[in-house]
Every structure is written in C-alpha cells, then in structure tokens.
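Trainee: Input model-v3.cif, format and content: mmCIF, N, CA and C atoms.
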```cif
data_input
loop_
_atom_site.group_PDB
_atom_site.id
_atom_site.type_symbol
_atom_site.label_atom_id
_atom_site.label_comp_id
_atom_site.auth_asym_id
_atom_site.auth_seq_id
_atom_site.Cartn_x
_atom_site.Cartn_y
_atom_site.Cartn_z
ATOM 1 N N MET A 1270 0.858 -1.180 0.000
ATOM 2 C CA MET A 1270 0.000 0.000 0.000
ATOM 3 C C MET A 1270 0.897 1.234 0.000
ATOM 4 N N LYS A 1271 0.799 2.019 -1.056
ATOM 5 C CA LYS A 1271 1.622 3.214 -1.173
ATOM 6 C C LYS A 1271 1.196 4.280 -0.166
ATOM 7 N N LYS A 1272 2.177 5.011 0.320
ATOM 8 C CA LYS A 1272 1.890 6.122 1.223
ATOM 9 C C LYS A 1272 1.541 7.356 0.396
ATOM 10 N N ILE A 1273 0.501 8.052 0.823
ATOM 11 C CA ILE A 1273 0.019 9.261 0.166
ATOM 12 C C ILE A 1273 0.279 10.448 1.086
ATOM 13 N N SER A 1274 0.872 11.494 0.543
ATOM 14 C CA SER A 1274 1.060 12.744 1.287
ATOM 15 C C SER A 1274 0.080 13.778 0.756
ATOM 16 N N ILE A 1275 -0.680 14.352 1.657
ATOM 17 C CA ILE A 1275 -1.608 15.420 1.299
ATOM 18 C C ILE A 1275 -1.086 16.700 1.928
ATOM 19 N N ILE A 1276 -0.839 17.687 1.096
ATOM 20 C CA ILE A 1276 -0.306 18.964 1.563
ATOM 21 C C ILE A 1276 -1.399 20.013 1.489
ATOM 22 N N THR A 1277 -1.643 20.650 2.615
ATOM 23 C CA THR A 1277 -2.617 21.738 2.693
ATOM 24 C C THR A 1277 -1.886 22.987 3.135
ATOM 25 N N VAL A 1278 -1.998 24.039 2.352
ATOM 26 C CA VAL A 1278 -1.441 25.330 2.756
ATOM 27 C C VAL A 1278 -2.592 26.229 3.179
ATOM 28 N N SER A 1279 -2.345 27.023 4.202
ATOM 29 C CA SER A 1279 -3.423 27.869 4.716
ATOM 30 C C SER A 1279 -2.891 29.215 5.182
ATOM 31 N N PHE A 1280 -3.785 30.171 5.187
ATOM 32 C CA PHE A 1280 -3.538 31.470 5.805
ATOM 33 C C PHE A 1280 -4.888 32.092 6.106
ATOM 34 N N ASN A 1281 -5.149 32.325 7.383
ATOM 35 C CA ASN A 1281 -6.427 32.890 7.835
ATOM 36 C C ASN A 1281 -7.613 32.143 7.225
ATOM 37 N N SER A 1282 -7.620 30.840 7.455
ATOM 38 C CA SER A 1282 -8.621 29.951 6.854
ATOM 39 C C SER A 1282 -9.595 29.381 7.873
ATOM 40 N N GLU A 1283 -9.862 30.130 8.943
ATOM 41 C CA GLU A 1283 -10.695 29.575 10.010
ATOM 42 C C GLU A 1283 -12.092 29.173 9.542
ATOM 43 N N LYS A 1284 -12.592 29.759 8.488
ATOM 44 C CA LYS A 1284 -13.949 29.438 8.013
ATOM 45 C C LYS A 1284 -14.010 28.129 7.235
ATOM 46 N N THR A 1285 -12.879 27.652 6.722
ATOM 47 C CA THR A 1285 -12.905 26.477 5.843
ATOM 48 C C THR A 1285 -11.983 25.333 6.249
ATOM 49 N N ILE A 1286 -11.006 25.582 7.107
ATOM 50 C CA ILE A 1286 -9.975 24.581 7.390
ATOM 51 C C ILE A 1286 -10.542 23.307 8.014
ATOM 52 N N LEU A 1287 -11.572 23.402 8.834
ATOM 53 C CA LEU A 1287 -12.135 22.196 9.457
ATOM 54 C C LEU A 1287 -12.722 21.253 8.420
ATOM 55 N N GLN A 1288 -13.394 21.800 7.415
ATOM 56 C CA GLN A 1288 -13.955 20.962 6.351
ATOM 57 C C GLN A 1288 -12.833 20.259 5.583
ATOM 58 N N THR A 1289 -11.743 20.951 5.365
ATOM 59 C CA THR A 1289 -10.611 20.365 4.655
ATOM 60 C C THR A 1289 -10.004 19.229 5.467
ATOM 61 N N ILE A 1290 -9.744 19.472 6.740
ATOM 62 C CA ILE A 1290 -9.168 18.438 7.611
ATOM 63 C C ILE A 1290 -10.091 17.228 7.680
ATOM 64 N N GLN A 1291 -11.381 17.460 7.854
ATOM 65 C CA GLN A 1291 -12.340 16.364 7.945
ATOM 66 C C GLN A 1291 -12.404 15.579 6.643
ATOM 67 N N SER A 1292 -12.290 16.262 5.527
ATOM 68 C CA SER A 1292 -12.294 15.603 4.228
ATOM 69 C C SER A 1292 -11.128 14.622 4.109
ATOM 70 N N VAL A 1293 -9.978 14.988 4.645
ATOM 71 C CA VAL A 1293 -8.814 14.091 4.645
ATOM 72 C C VAL A 1293 -9.047 12.945 5.622
ATOM 73 N N LYS A 1294 -9.506 13.239 6.825
ATOM 74 C CA LYS A 1294 -9.749 12.202 7.834
ATOM 75 C C LYS A 1294 -10.763 11.164 7.368
ATOM 76 N N ASN A 1295 -11.738 11.582 6.581
ATOM 77 C CA ASN A 1295 -12.811 10.688 6.146
ATOM 78 C C ASN A 1295 -12.451 9.787 4.974
ATOM 79 N N GLN A 1296 -11.271 9.946 4.427
ATOM 80 C CA GLN A 1296 -10.881 9.102 3.297
ATOM 81 C C GLN A 1296 -10.766 7.638 3.729
ATOM 82 N N THR A 1297 -11.217 6.734 2.879
ATOM 83 C CA THR A 1297 -11.173 5.304 3.195
ATOM 84 C C THR A 1297 -9.763 4.742 3.086
ATOM 85 N N TYR A 1298 -8.919 5.352 2.292
ATOM 86 C CA TYR A 1298 -7.529 4.919 2.167
ATOM 87 C C TYR A 1298 -6.807 5.275 3.457
ATOM 88 N N GLN A 1299 -6.068 4.333 4.015
ATOM 89 C CA GLN A 1299 -5.521 4.512 5.361
ATOM 90 C C GLN A 1299 -4.080 5.010 5.435
ATOM 91 N N ASN A 1300 -3.277 4.785 4.430
ATOM 92 C CA ASN A 1300 -1.855 5.136 4.521
ATOM 93 C C ASN A 1300 -1.635 6.565 4.007
ATOM 94 N N VAL A 1301 -2.083 7.521 4.815
ATOM 95 C CA VAL A 1301 -2.081 8.933 4.427
ATOM 96 C C VAL A 1301 -1.393 9.759 5.510
ATOM 97 N N GLU A 1302 -0.526 10.667 5.075
ATOM 98 C CA GLU A 1302 -0.013 11.687 5.993
ATOM 99 C C GLU A 1302 -0.565 13.026 5.530
ATOM 100 N N HIS A 1303 -0.978 13.853 6.484
ATOM 101 C CA HIS A 1303 -1.514 15.180 6.167
ATOM 102 C C HIS A 1303 -0.522 16.217 6.674
ATOM 103 N N ILE A 1304 0.012 16.985 5.747
ATOM 104 C CA ILE A 1304 0.970 18.035 6.076
ATOM 105 C C ILE A 1304 0.270 19.374 5.889
ATOM 106 N N ILE A 1305 0.184 20.143 6.959
ATOM 107 C CA ILE A 1305 -0.476 21.451 6.894
ATOM 108 C C ILE A 1305 0.579 22.527 7.126
ATOM 109 N N ILE A 1306 0.720 23.388 6.153
ATOM 110 C CA ILE A 1306 1.661 24.498 6.227
ATOM 111 C C ILE A 1306 0.843 25.774 6.322
ATOM 112 N N ASP A 1307 0.888 26.399 7.477
ATOM 113 C CA ASP A 1307 0.129 27.626 7.724
ATOM 114 C C ASP A 1307 1.082 28.819 7.673
ATOM 115 N N GLY A 1308 0.658 29.864 7.009
ATOM 116 C CA GLY A 1308 1.493 31.059 6.837
ATOM 117 C C GLY A 1308 1.449 32.007 8.013
ATOM 118 N N TYR A 1309 1.387 31.454 9.222
ATOM 119 C CA TYR A 1309 1.348 32.232 10.461
ATOM 120 C C TYR A 1309 0.080 33.085 10.514
ATOM 121 N N SER A 1310 -1.056 32.379 10.432
ATOM 122 C CA SER A 1310 -2.366 33.029 10.458
ATOM 123 C C SER A 1310 -2.554 33.860 11.708
ATOM 124 N N ASN A 1311 -3.316 34.939 11.585
ATOM 125 C CA ASN A 1311 -3.604 35.785 12.749
ATOM 126 C C ASN A 1311 -5.065 35.705 13.161
ATOM 127 N N ASP A 1312 -5.767 34.671 12.688
ATOM 128 C CA ASP A 1312 -7.126 34.409 13.155
ATOM 129 C C ASP A 1312 -7.087 33.100 13.960
ATOM 130 N N ASN A 1313 -8.147 32.346 13.992
ATOM 131 C CA ASN A 1313 -8.220 31.134 14.809
ATOM 132 C C ASN A 1313 -7.784 29.874 14.044
ATOM 133 N N THR A 1314 -7.228 30.029 12.871
ATOM 134 C CA THR A 1314 -6.872 28.878 12.032
ATOM 135 C C THR A 1314 -5.973 27.882 12.743
ATOM 136 N N ILE A 1315 -4.873 28.335 13.307
ATOM 137 C CA ILE A 1315 -3.902 27.402 13.888
ATOM 138 C C ILE A 1315 -4.492 26.656 15.081
ATOM 139 N N ASN A 1316 -5.325 27.304 15.884
ATOM 140 C CA ASN A 1316 -5.977 26.609 17.000
ATOM 141 C C ASN A 1316 -6.903 25.512 16.491
ATOM 142 N N LEU A 1317 -7.646 25.801 15.435
ATOM 143 C CA LEU A 1317 -8.534 24.794 14.852
ATOM 144 C C LEU A 1317 -7.740 23.623 14.282
ATOM 145 N N ILE A 1318 -6.627 23.920 13.656
ATOM 146 C CA ILE A 1318 -5.775 22.863 13.106
ATOM 147 C C ILE A 1318 -5.268 21.971 14.235
ATOM 148 N N LYS A 1319 -4.717 22.558 15.268
ATOM 149 C CA LYS A 1319 -4.140 21.782 16.369
ATOM 150 C C LYS A 1319 -5.185 20.922 17.071
ATOM 151 N N LYS A 1320 -6.399 21.428 17.221
ATOM 152 C CA LYS A 1320 -7.466 20.682 17.900
ATOM 153 C C LYS A 1320 -8.025 19.543 17.059
ATOM 154 N N ASN A 1321 -7.804 19.581 15.756
ATOM 155 C CA ASN A 1321 -8.479 18.634 14.875
ATOM 156 C C ASN A 1321 -7.554 17.749 14.054
ATOM 157 N N THR A 1322 -6.266 17.767 14.359
ATOM 158 C CA THR A 1322 -5.334 16.870 13.686
ATOM 159 C C THR A 1322 -4.812 15.847 14.681
ATOM 160 N N ASN A 1323 -4.199 14.799 14.151
ATOM 161 C CA ASN A 1323 -3.679 13.751 15.029
ATOM 162 C C ASN A 1323 -2.158 13.683 14.926
ATOM 163 N N LYS A 1324 -1.587 12.680 15.574
ATOM 164 C CA LYS A 1324 -0.125 12.553 15.628
ATOM 165 C C LYS A 1324 0.491 12.249 14.270
ATOM 166 N N LYS A 1325 -0.308 11.736 13.345
ATOM 167 C CA LYS A 1325 0.204 11.447 12.001
ATOM 168 C C LYS A 1325 0.304 12.712 11.154
ATOM 169 N N SER A 1326 -0.299 13.778 11.613
ATOM 170 C CA SER A 1326 -0.279 15.037 10.874
ATOM 171 C C SER A 1326 0.995 15.808 11.187
ATOM 172 N N VAL A 1327 1.465 16.541 10.194
ATOM 173 C CA VAL A 1327 2.586 17.453 10.377
ATOM 174 C C VAL A 1327 2.015 18.857 10.235
ATOM 175 N N VAL A 1328 2.239 19.690 11.240
ATOM 176 C CA VAL A 1328 1.705 21.051 11.222
ATOM 177 C C VAL A 1328 2.835 22.032 11.451
ATOM 178 N N ILE A 1329 2.955 22.990 10.545
ATOM 179 C CA ILE A 1329 3.947 24.054 10.682
ATOM 180 C C ILE A 1329 3.222 25.373 10.490
ATOM 181 N N SER A 1330 3.438 26.306 11.393
ATOM 182 C CA SER A 1330 2.875 27.645 11.253
ATOM 183 C C SER A 1330 4.007 28.647 11.402
ATOM 184 N N GLU A 1331 4.363 29.268 10.285
ATOM 185 C CA GLU A 1331 5.436 30.253 10.276
ATOM 186 C C GLU A 1331 5.286 31.127 9.043
ATOM 187 N N LYS A 1332 5.910 32.275 9.085
ATOM 188 C CA LYS A 1332 5.893 33.177 7.933
ATOM 189 C C LYS A 1332 6.484 32.467 6.726
ATOM 190 N N ASP A 1333 5.910 32.738 5.575
ATOM 191 C CA ASP A 1333 6.474 32.214 4.341
ATOM 192 C C ASP A 1333 6.445 33.311 3.280
ATOM 193 N N GLU A 1334 6.846 32.956 2.096
ATOM 194 C CA GLU A 1334 6.931 33.930 1.013
ATOM 195 C C GLU A 1334 5.791 33.772 0.015
ATOM 196 N N GLY A 1335 4.685 33.188 0.457
ATOM 197 C CA GLY A 1335 3.530 33.016 -0.410
ATOM 198 C C GLY A 1335 3.148 31.558 -0.578
ATOM 199 N N ILE A 1336 2.076 31.341 -1.318
ATOM 200 C CA ILE A 1336 1.473 30.011 -1.438
ATOM 201 C C ILE A 1336 2.425 28.974 -2.033
ATOM 202 N N TYR A 1337 3.187 29.346 -3.034
ATOM 203 C CA TYR A 1337 4.070 28.365 -3.671
ATOM 204 C C TYR A 1337 5.267 28.038 -2.788
ATOM 205 N N HIS A 1338 5.734 28.997 -2.035
ATOM 206 C CA HIS A 1338 6.784 28.733 -1.056
ATOM 207 C C HIS A 1338 6.275 27.745 -0.013
ATOM 208 N N ALA A 1339 5.044 27.953 0.452
ATOM 209 C CA ALA A 1339 4.444 27.049 1.439
ATOM 210 C C ALA A 1339 4.266 25.648 0.854
ATOM 211 N N MET A 1340 3.801 25.561 -0.391
ATOM 212 C CA MET A 1340 3.639 24.250 -1.030
ATOM 213 C C MET A 1340 4.973 23.525 -1.131
ATOM 214 N N ASN A 1341 6.008 24.252 -1.511
ATOM 215 C CA ASN A 1341 7.332 23.638 -1.623
ATOM 216 C C ASN A 1341 7.851 23.154 -0.277
ATOM 217 N N LYS A 1342 7.547 23.885 0.804
ATOM 218 C CA LYS A 1342 7.917 23.413 2.147
ATOM 219 C C LYS A 1342 7.244 22.078 2.426
ATOM 220 N N GLY A 1343 5.966 22.009 2.095
ATOM 221 C CA GLY A 1343 5.221 20.766 2.310
ATOM 222 C C GLY A 1343 5.765 19.619 1.492
ATOM 223 N N ILE A 1344 6.101 19.880 0.238
ATOM 224 C CA ILE A 1344 6.649 18.839 -0.629
ATOM 225 C C ILE A 1344 7.967 18.313 -0.066
ATOM 226 N N LYS A 1345 8.800 19.192 0.456
ATOM 227 C CA LYS A 1345 10.079 18.764 1.044
ATOM 228 C C LYS A 1345 9.868 17.868 2.262
ATOM 229 N N LEU A 1346 8.787 18.092 3.004
ATOM 230 C CA LEU A 1346 8.497 17.289 4.188
ATOM 231 C C LEU A 1346 7.797 15.969 3.861
ATOM 232 N N ALA A 1347 7.216 15.885 2.691
ATOM 233 C CA ALA A 1347 6.405 14.725 2.325
ATOM 234 C C ALA A 1347 7.243 13.455 2.254
ATOM 235 N N SER A 1348 6.708 12.381 2.804
ATOM 236 C CA SER A 1348 7.383 11.088 2.738
ATOM 237 C C SER A 1348 6.601 10.080 1.906
ATOM 238 N N GLY A 1349 5.496 10.516 1.320
ATOM 239 C CA GLY A 1349 4.675 9.621 0.513
ATOM 240 C C GLY A 1349 5.211 9.447 -0.898
ATOM 241 N N GLU A 1350 4.761 8.375 -1.530
ATOM 242 C CA GLU A 1350 5.132 8.106 -2.915
ATOM 243 C C GLU A 1350 4.284 8.927 -3.892
ATOM 244 N N ILE A 1351 3.137 9.353 -3.422
ATOM 245 C CA ILE A 1351 2.229 10.181 -4.219
ATOM 246 C C ILE A 1351 1.894 11.413 -3.390
ATOM 247 N N ILE A 1352 1.866 12.575 -4.029
ATOM 248 C CA ILE A 1352 1.590 13.829 -3.322
ATOM 249 C C ILE A 1352 0.349 14.486 -3.909
ATOM 250 N N PHE A 1353 -0.574 14.857 -3.025
ATOM 251 C CA PHE A 1353 -1.756 15.636 -3.372
ATOM 252 C C PHE A 1353 -1.587 17.033 -2.790
ATOM 253 N N ILE A 1354 -2.082 18.027 -3.479
ATOM 254 C CA ILE A 1354 -2.205 19.372 -2.914
ATOM 255 C C ILE A 1354 -3.697 19.608 -2.723
ATOM 256 N N LEU A 1355 -4.111 19.839 -1.490
ATOM 257 C CA LEU A 1355 -5.505 20.116 -1.165
ATOM 258 C C LEU A 1355 -5.524 21.416 -0.376
ATOM 259 N N ASN A 1356 -5.921 22.488 -1.003
ATOM 260 C CA ASN A 1356 -5.875 23.799 -0.357
ATOM 261 C C ASN A 1356 -6.871 23.892 0.802
ATOM 262 N N SER A 1357 -6.694 24.894 1.626
ATOM 263 C CA SER A 1357 -7.442 25.005 2.882
ATOM 264 C C SER A 1357 -8.910 25.362 2.698
ATOM 265 N N ASP A 1358 -9.328 25.612 1.486
ATOM 266 C CA ASP A 1358 -10.762 25.842 1.239
ATOM 267 C C ASP A 1358 -11.311 24.814 0.256
ATOM 268 N N ASP A 1359 -10.603 23.688 0.126
ATOM 269 C CA ASP A 1359 -11.032 22.606 -0.761
ATOM 270 C C ASP A 1359 -11.352 21.365 0.053
ATOM 271 N N ILE A 1360 -12.170 20.488 -0.550
ATOM 272 C CA ILE A 1360 -12.475 19.184 0.043
ATOM 273 C C ILE A 1360 -12.461 18.142 -1.071
ATOM 274 N N PHE A 1361 -12.274 16.881 -0.685
ATOM 275 C CA PHE A 1361 -12.376 15.801 -1.648
ATOM 276 C C PHE A 1361 -13.838 15.589 -2.018
ATOM 277 N N PHE A 1362 -14.086 15.176 -3.248
ATOM 278 C CA PHE A 1362 -15.441 14.971 -3.764
ATOM 279 C C PHE A 1362 -16.226 13.978 -2.913
ATOM 280 N N ASP A 1363 -15.573 12.884 -2.512
ATOM 281 C CA ASP A 1363 -16.196 11.923 -1.612
ATOM 282 C C ASP A 1363 -15.100 11.217 -0.818
ATOM 283 N N ASN A 1364 -15.488 10.273 0.021
ATOM 284 C CA ASN A 1364 -14.543 9.617 0.923
ATOM 285 C C ASN A 1364 -13.665 8.561 0.252
ATOM 286 N N ASN A 1365 -13.908 8.289 -1.026
ATOM 287 C CA ASN A 1365 -13.172 7.261 -1.734
ATOM 288 C C ASN A 1365 -12.207 7.809 -2.791
ATOM 289 N N VAL A 1366 -11.976 9.096 -2.806
ATOM 290 C CA VAL A 1366 -11.151 9.696 -3.855
ATOM 291 C C VAL A 1366 -9.756 9.082 -3.880
ATOM 292 N N ILE A 1367 -9.096 9.002 -2.758
ATOM 293 C CA ILE A 1367 -7.727 8.466 -2.731
ATOM 294 C C ILE A 1367 -7.744 6.966 -3.026
ATOM 295 N N GLU A 1368 -8.674 6.267 -2.457
ATOM 296 C CA GLU A 1368 -8.791 4.813 -2.678
ATOM 297 C C GLU A 1368 -8.948 4.514 -4.166
ATOM 298 N N ASN A 1369 -9.782 5.283 -4.823
ATOM 299 C CA ASN A 1369 -10.038 5.052 -6.254
ATOM 300 C C ASN A 1369 -8.872 5.487 -7.095
#
```
Let me see the structure of the file written as structure tokens.
Mentor:
Amino acid sequence: MKKISIITVSFNSEKTILQTIQSVKNQTYQNVEHIIIDGYSNDNTINLIKKNTNKKSVVISEKDEGIYHAMNKGIKLASGEIIFILNSDDIFFDNNVIEN
C-alpha cells in the first residue's frame, strides 16, 4: 500500500480549514499523511488545526513567502510516494477519492 502525502497550505482559513481536515480524515484509504503548512495566520486557524489533527499530521505555522513557497515546504516534508495538494478551502469529492 503506497503512502500518500496530502499537503494543505493555509492562511487565515478559520472558516474552511475544518472541512478540509475532515475531508482528509474521512478518506477510506488509510496510509495517508496530512501536512499542513500555515502562513502564520492571525485568526483562529492554527488553533482549529491543532485541535483537529492527530499525531500522524505534520503542522507548521510560520511566515512564508507566499502560497508556492508554502507548497514547496510541504513537498520537502512529504514522505509519501504520491503527493496531493488540497488547499485550505477545498475538500475531496467523496470519501473514496484516494482509494479510487
């Protein structure tokens, strides 16, 4: 079973980040790491992330140089054979997307 890395970049995403995290958690495929790179949000985003992720998640919140810089940070941390980018206001179509 191949390991899948899902990278989510966020900045001030308190209105949508929970749906994104839940969308990853609900996937039927089990060998998934979720890497969340937050651009040092100044709203409640980081608190929501910390309360709703598990030990398999990697969470970094620090200043970056924009969305692509944040994505590249996530890619460098990824240990999966396949990498998905799922932005902080996106969700998977259904719970079987990765499995399929």
Trainee: List the residues selected by the PyMOL selection byres ((chain A and resi 1346-1353) around 5) in the file shown, writing them as a PyMOL selection string.
Mentor: chain A and resi 1272-1276+1342-1345+1354-1355
Trainee: I'd like the residues picked by the PyMOL selection byres ((chain A and resi 1329) around 6.5) written out as a PyMOL selection string, using the chain letters and numbers from the file.
Mentor: chain A and resi 1304-1309+1327-1328+1330-1331
Trainee: For the strand (DSSP E or B) assignment from backbone DSSP, which residues of chain A qualify? Please present them as a list in words.
Mentor: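 Written out, the strand (DSSP E or B) residues of chain A are Ile1273, Ser1274, Ile1275, Ile1276, Thr1277, Val1278, Ser1279, Val1301, Glu1302, His1303, Ile1304, Ile1305, Ile1306, Asp1307, Val1327, Val1328, Ile1329, Ser1330, Ile1351, Ile1352, Phe1353 and Ile1354 of chain A.
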Trainee: Can you work out the spacing between atom N of Asn1365 (chain A) and CA of Gln1288 (chain A) in Å, to one decimal?
Mentor: 14.7 Å
Trainee: When distances are computed from all atoms listed in the file, which of A:Lys1324, A:Asn1313, A:Ala1339, A:Asn1369 shows the smallest separation from Asn1281 (chain A)?
Mentor: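 The closest residue to Asn1281 (chain A) is A:Asn1313.
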Trainee: Mind pulling up the distance from CA of Ile1336 (chain A) to CA of Lys1294 (chain A)?
Mentor: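 Taking CA of Lys1294 (chain A) and CA of Ile1336 (chain A), their separation equals 23.0 Å.
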Trainee: Tell me which of A:Gln1296, A:Glu1368, A:Met1340, A:Lys1332 sits closest to Asn1356 (chain A), counting only C-alpha atoms.
Mentor: A:Met1340
Trainee: What separation in Å, quoted to one decimal, exists between CA of Asp1358 (chain A) and atom N of Ile1286 (chain A)?
Mentor: 5.9 Å
Trainee: Only N, CA, C and O atoms, please: region 1317-1332 of chain A from the block, as a short mmCIF file (atom, residue, chain, number, x, y, z; two decimals), in the first residue's frame.
Mentor:
```
data_model
loop_
_atom_site.label_atom_id
_atom_site.label_comp_id
_atom_site.auth_asym_id
_atom_site.auth_seq_id
_atom_site.Cartn_x
_atom_site.Cartn_y
_atom_site.Cartn_z
N LEU A 1317 -7.65 25.80 15.43
CA LEU A 1317 -8.53 24.79 14.85
C LEU A 1317 -7.74 23.62 14.28
O LEU A 1317 -8.13 22.47 14.44
N ILE A 1318 -6.63 23.92 13.66
CA ILE A 1318 -5.78 22.86 13.11
C ILE A 1318 -5.27 21.97 14.23
O ILE A 1318 -5.38 20.74 14.17
N LYS A 1319 -4.72 22.56 15.27
CA LYS A 1319 -4.14 21.78 16.37
C LYS A 1319 -5.18 20.92 17.07
O LYS A 1319 -4.89 19.80 17.49
N LYS A 1320 -6.40 21.43 17.22
CA LYS A 1320 -7.47 20.68 17.90
C LYS A 1320 -8.03 19.54 17.06
O LYS A 1320 -8.66 18.64 17.59
N ASN A 1321 -7.80 19.58 15.76
CA ASN A 1321 -8.48 18.63 14.88
C ASN A 1321 -7.55 17.75 14.05
O ASN A 1321 -8.00 17.04 13.16
N THR A 1322 -6.27 17.77 14.36
CA THR A 1322 -5.33 16.87 13.69
C THR A 1322 -4.81 15.85 14.68
O THR A 1322 -4.96 16.00 15.88
N ASN A 1323 -4.20 14.80 14.15
CA ASN A 1323 -3.68 13.75 15.03
C ASN A 1323 -2.16 13.68 14.93
O ASN A 1323 -1.53 14.50 14.25
N LYS A 1324 -1.59 12.68 15.57
CA LYS A 1324 -0.13 12.55 15.63
C LYS A 1324 0.49 12.25 14.27
O LYS A 1324 1.68 12.46 14.07
N LYS A 1325 -0.31 11.74 13.34
CA LYS A 1325 0.20 11.45 12.00
C LYS A 1325 0.30 12.71 11.15
O LYS A 1325 0.92 12.70 10.10
N SER A 1326 -0.30 13.78 11.61
CA SER A 1326 -0.28 15.04 10.87
C SER A 1326 0.99 15.81 11.19
O SER A 1326 1.51 15.76 12.29
N VAL A 1327 1.46 16.54 10.19
CA VAL A 1327 2.59 17.45 10.38
C VAL A 1327 2.01 18.86 10.23
O VAL A 1327 1.36 19.17 9.24
N VAL A 1328 2.24 19.69 11.24
CA VAL A 1328 1.71 21.05 11.22
C VAL A 1328 2.83 22.03 11.45
O VAL A 1328 3.57 21.92 12.43
N ILE A 1329 2.95 22.99 10.55
CA ILE A 1329 3.95 24.05 10.68
C ILE A 1329 3.22 25.37 10.49
O ILE A 1329 2.46 25.53 9.53
N SER A 1330 3.44 26.31 11.39
CA SER A 1330 2.88 27.65 11.25
C SER A 1330 4.01 28.65 11.40
O SER A 1330 4.57 28.82 12.48
N GLU A 1331 4.36 29.27 10.28
CA GLU A 1331 5.44 30.25 10.28
C GLU A 1331 5.29 31.13 9.04
O GLU A 1331 4.61 30.76 8.08
N LYS A 1332 5.91 32.27 9.08
CA LYS A 1332 5.89 33.18 7.93
C LYS A 1332 6.48 32.47 6.73
O LYS A 1332 7.41 31.68 6.86
#
```
